[in-house]
Amino acid sequence: MRIGISCYSTFGGSGVVATEVGKALAARGHEVHILSPSMPPRLTGFENRIYFHEVTASSYPLFEAAPFSIALASKMADVASHHGLEVMHAHYAIPHAMAALLARMALDGKLKVVTTLHGTDITVVGADPSYLPMVKLALRESDAVTSVSQYLKDETIRTFGMGEHIEVIPNFVEPPTLDHPECRAWLAPDQAFVLTHISNFRPVKRVMDVVKIFERVRKEVPTRLVMVGDGPDRAEAENYCRERGFEDEVRFTGKQLDIGTVLACSDLFILPSATESFGLAALEAMAHRVPVIASCVGGIPEVIRHGVDGFLEPVGDVDAMALDAIRLLKDKDLRRKFGESARKRAETTFAEDPIIDLYEALYERVLSTPKSSVEISANPR
Ligand code: GMT
């Protein structure tokens with residue numbers, strides 16, 4: 001098949017998933033065209049059958065902001081017609097799905113649109129009145145819609161009053177082989193443990209909870225905190241560590257491409273988000289045998305089993321999360337047991353191959369249905 005994949009290139013789960021899906025499809029012999037505002041971080045290496053198309057929106061004095069969605073739709077239509085794309089897979093509804101629908105209209109229906117919902121495109125921005133009607137349109141008019149968790153499907157139905165047709169296809173991970181990286185020695189000298197958090201430091205990630213959990217843990221067990229990523233809440237978290245005098249025990253790495261090395265020298269992963277449709281970073285930690293302490297919210301319990309691969313606590317309960325962390329750090333056997341369960345879950349439930357099979361089957365299914373309508377139908381599915 002010839003498949004287009006449209007995604008954001010910022011550090012974030014949807015771009016990671018989109019790129020990994022593209023790479024896996026190309027490895028299976030499909031031709032994959034990735035469209036994004038810039039090169040997605042995971043699109044490294046020079047690989048056969050993968051093409052990258054940068055989307056830029058030209059500015060004009062009349063525009064208050066260059067219309068990215070229109071530029072994206074134009075690029076989709078252009079790439080699809082010149083490379084004979086059959087399917088455009090839009091990752092994150094806004095604006096990728098709407099742009100794909102426009103491209104499909106421009107091509108007289110000769111392009112199938114598959115939309116994958118990732119999270120805040122439904123739970124936060126998608127529900128905002130300034131986008132809601134267009135998200136509804138995308139849900140109704142895409143040839144197929146998937147969500148990364150059952151929770152997200154249920155949320156879609158609850159928020160939009162539609163979405164029974166959504167197919168749940170979870171995210172996946174390729175289990176790493178890297179085991180004992182050298183960075184452990186300088187990251188955590190004196191045999192200290194390593195707590196890790198990875199995110200884009202937006203309010204939904206509750207990074208202040210991470211540093212407050214660490215503040216409690218460090219009083220009981222020698223530990224270092226590694227904060228990977230960047231975003232609006234980084235400064236407040238850094239200031240907190242300075243004001244409390246433990247800034248030397250916390251390393252803010254900024255954005256990092258080599259997540260694998262950081263996770264390979266981590267003992268625990270902390271994800272105290274206010275909401276999370278899946279929690280891809282937690283799954284990546286699990287693949288490295290790192291137990292996770294997370295909030296019991298959204299799709300997280302579909303990924304992490306409380307008392308098996310980690311511990312889940314109510315959102316904002318930093319005391320409970322700190323106690324869990326102390327318990328796991330003090331109990332080597334329990335930590336190992338959780339780490340092994342987490343790895344096994346990553347290798348089985350969230351293995352790449354069977355999940356790519358689901359996407360392939362979905363593309364085949366939409367391609368075998370009659371030509372997409374160019375008219376916007378009046379009746380919701
Ligand atoms: O940052 C992104 O690219 C998307 C981001 C978001 O905020 O929507 O992440 C979402 O998609 C990821 C990949 O499917 C999930 O692992 C995250 O749980 C989800 N984030 C939220 O729901 C907050």
# chains A, B, ... in the order shown; residues from 1 in each chain; ligands from 1
>>> residues_near_ligand(ligand="ligand 1", cutoff="6 Å", atoms="only C-alpha atoms and all ligand atoms", output="list in words")
Gly12, Gly13, Ser14, Gly15, His118, Gly119, Thr120, Asp121, Val148, Thr275, Glu276, Ser277, Phe278, Gly279 and Leu280 of chain A
>>> residues_around(residues="Asp78 (chain A)", least_positions_apart="6", cutoff="10 Å", atoms="only C-alpha atoms", output="ChimeraX atom specification")
/A:72,84-85,103,106-107
>>> residues_around(residues="Leu139 (chain A)", least_positions_apart="5", cutoff="8 Å", atoms="only C-alpha atoms", output="PDB file with C-alpha atoms, in the first residue's frame")
ATOM      1  CA  THR A 115      -7.998   9.214  11.999  1.00  0.00           C
ATOM      2  CA  VAL A 145     -11.420   6.267  13.407  1.00  0.00           C
ATOM      3  CA  MET A 162     -20.953   9.768  18.768  1.00  0.00           C
ATOM      4  CA  GLY A 163     -18.091   7.376  18.193  1.00  0.00           C
TER       5      GLY A 163
END
>>> residues_around(residues="Val308 (chain A)", least_positions_apart="6", cutoff="12 Å", atoms="only C-alpha atoms", output="ChimeraX atom specification")
/A:286,290-293,301,328,334-345
>>> closest_residue(among="A:Ile157, A:Val55, A:Ile34, A:Ala97", to="Leu117 (chain A)", atoms="only C-alpha atoms")
A:Ala97
>>> residues_around(residues="region 128-138 of chain A", least_positions_apart="4", cutoff="10 Å", atoms="only C-alpha atoms", output="PyMOL selection string")
chain A and resi 93-101+113-115+121-124+142-145+156+159-163+376-377+380
>>> atom_distance(atom1="CA of Leu358 (chain A)", atom2="CA of Glu20 (chain A)")
14.2 Å
>>> residues_around(residues="region 239-250 of chain A", least_positions_apart="4", cutoff="6 Å", atoms="only C-alpha atoms", output="count of residues only")
3
>>> atom_distance(atom1="CA of Ser6 (chain A)", atom2="CA of Met88 (chain A)")
7.3 Å
>>> residues_around(residues="region 181-190 of chain A", least_positions_apart="4", cutoff="7 Å", atoms="only C-alpha atoms", output="list in words")
Val194, Arg224, Thr261, Ala264 and Cys265 of chain A
>>> write_last_selection(atoms="N, CA and C atoms", output="PDB file, in the first residue's frame")
ATOM      1  N   VAL A 194      17.455   6.024  40.986  1.00  0.00           N
ATOM      2  CA  VAL A 194      17.088   7.044  39.993  1.00  0.00           C
ATOM      3  C   VAL A 194      15.572   7.028  39.764  1.00  0.00           C
ATOM      4  N   ARG A 224      18.184  10.120  43.169  1.00  0.00           N
ATOM      5  CA  ARG A 224      18.324  11.272  42.276  1.00  0.00           C
ATOM      6  C   ARG A 224      17.081  11.326  41.388  1.00  0.00           C
ATOM      7  N   THR A 261      18.391   5.424  26.808  1.00  0.00           N
ATOM      8  CA  THR A 261      19.516   5.388  27.742  1.00  0.00           C
ATOM      9  C   THR A 261      19.072   5.863  29.126  1.00  0.00           C
ATOM     10  N   ALA A 264      17.064   3.151  30.745  1.00  0.00           N
ATOM     11  CA  ALA A 264      17.853   1.968  31.092  1.00  0.00           C
ATOM     12  C   ALA A 264      18.595   2.154  32.415  1.00  0.00           C
ATOM     13  N   CYS A 265      18.771   3.396  32.856  1.00  0.00           N
ATOM     14  CA  CYS A 265      19.417   3.552  34.169  1.00  0.00           C
ATOM     15  C   CYS A 265      18.441   4.135  35.197  1.00  0.00           C
TER      16      CYS A 265
END
>>> atom_distance(atom1="CA of Ala90 (chain A)", atom2="CA of Met39 (chain A)")
16.1 Å
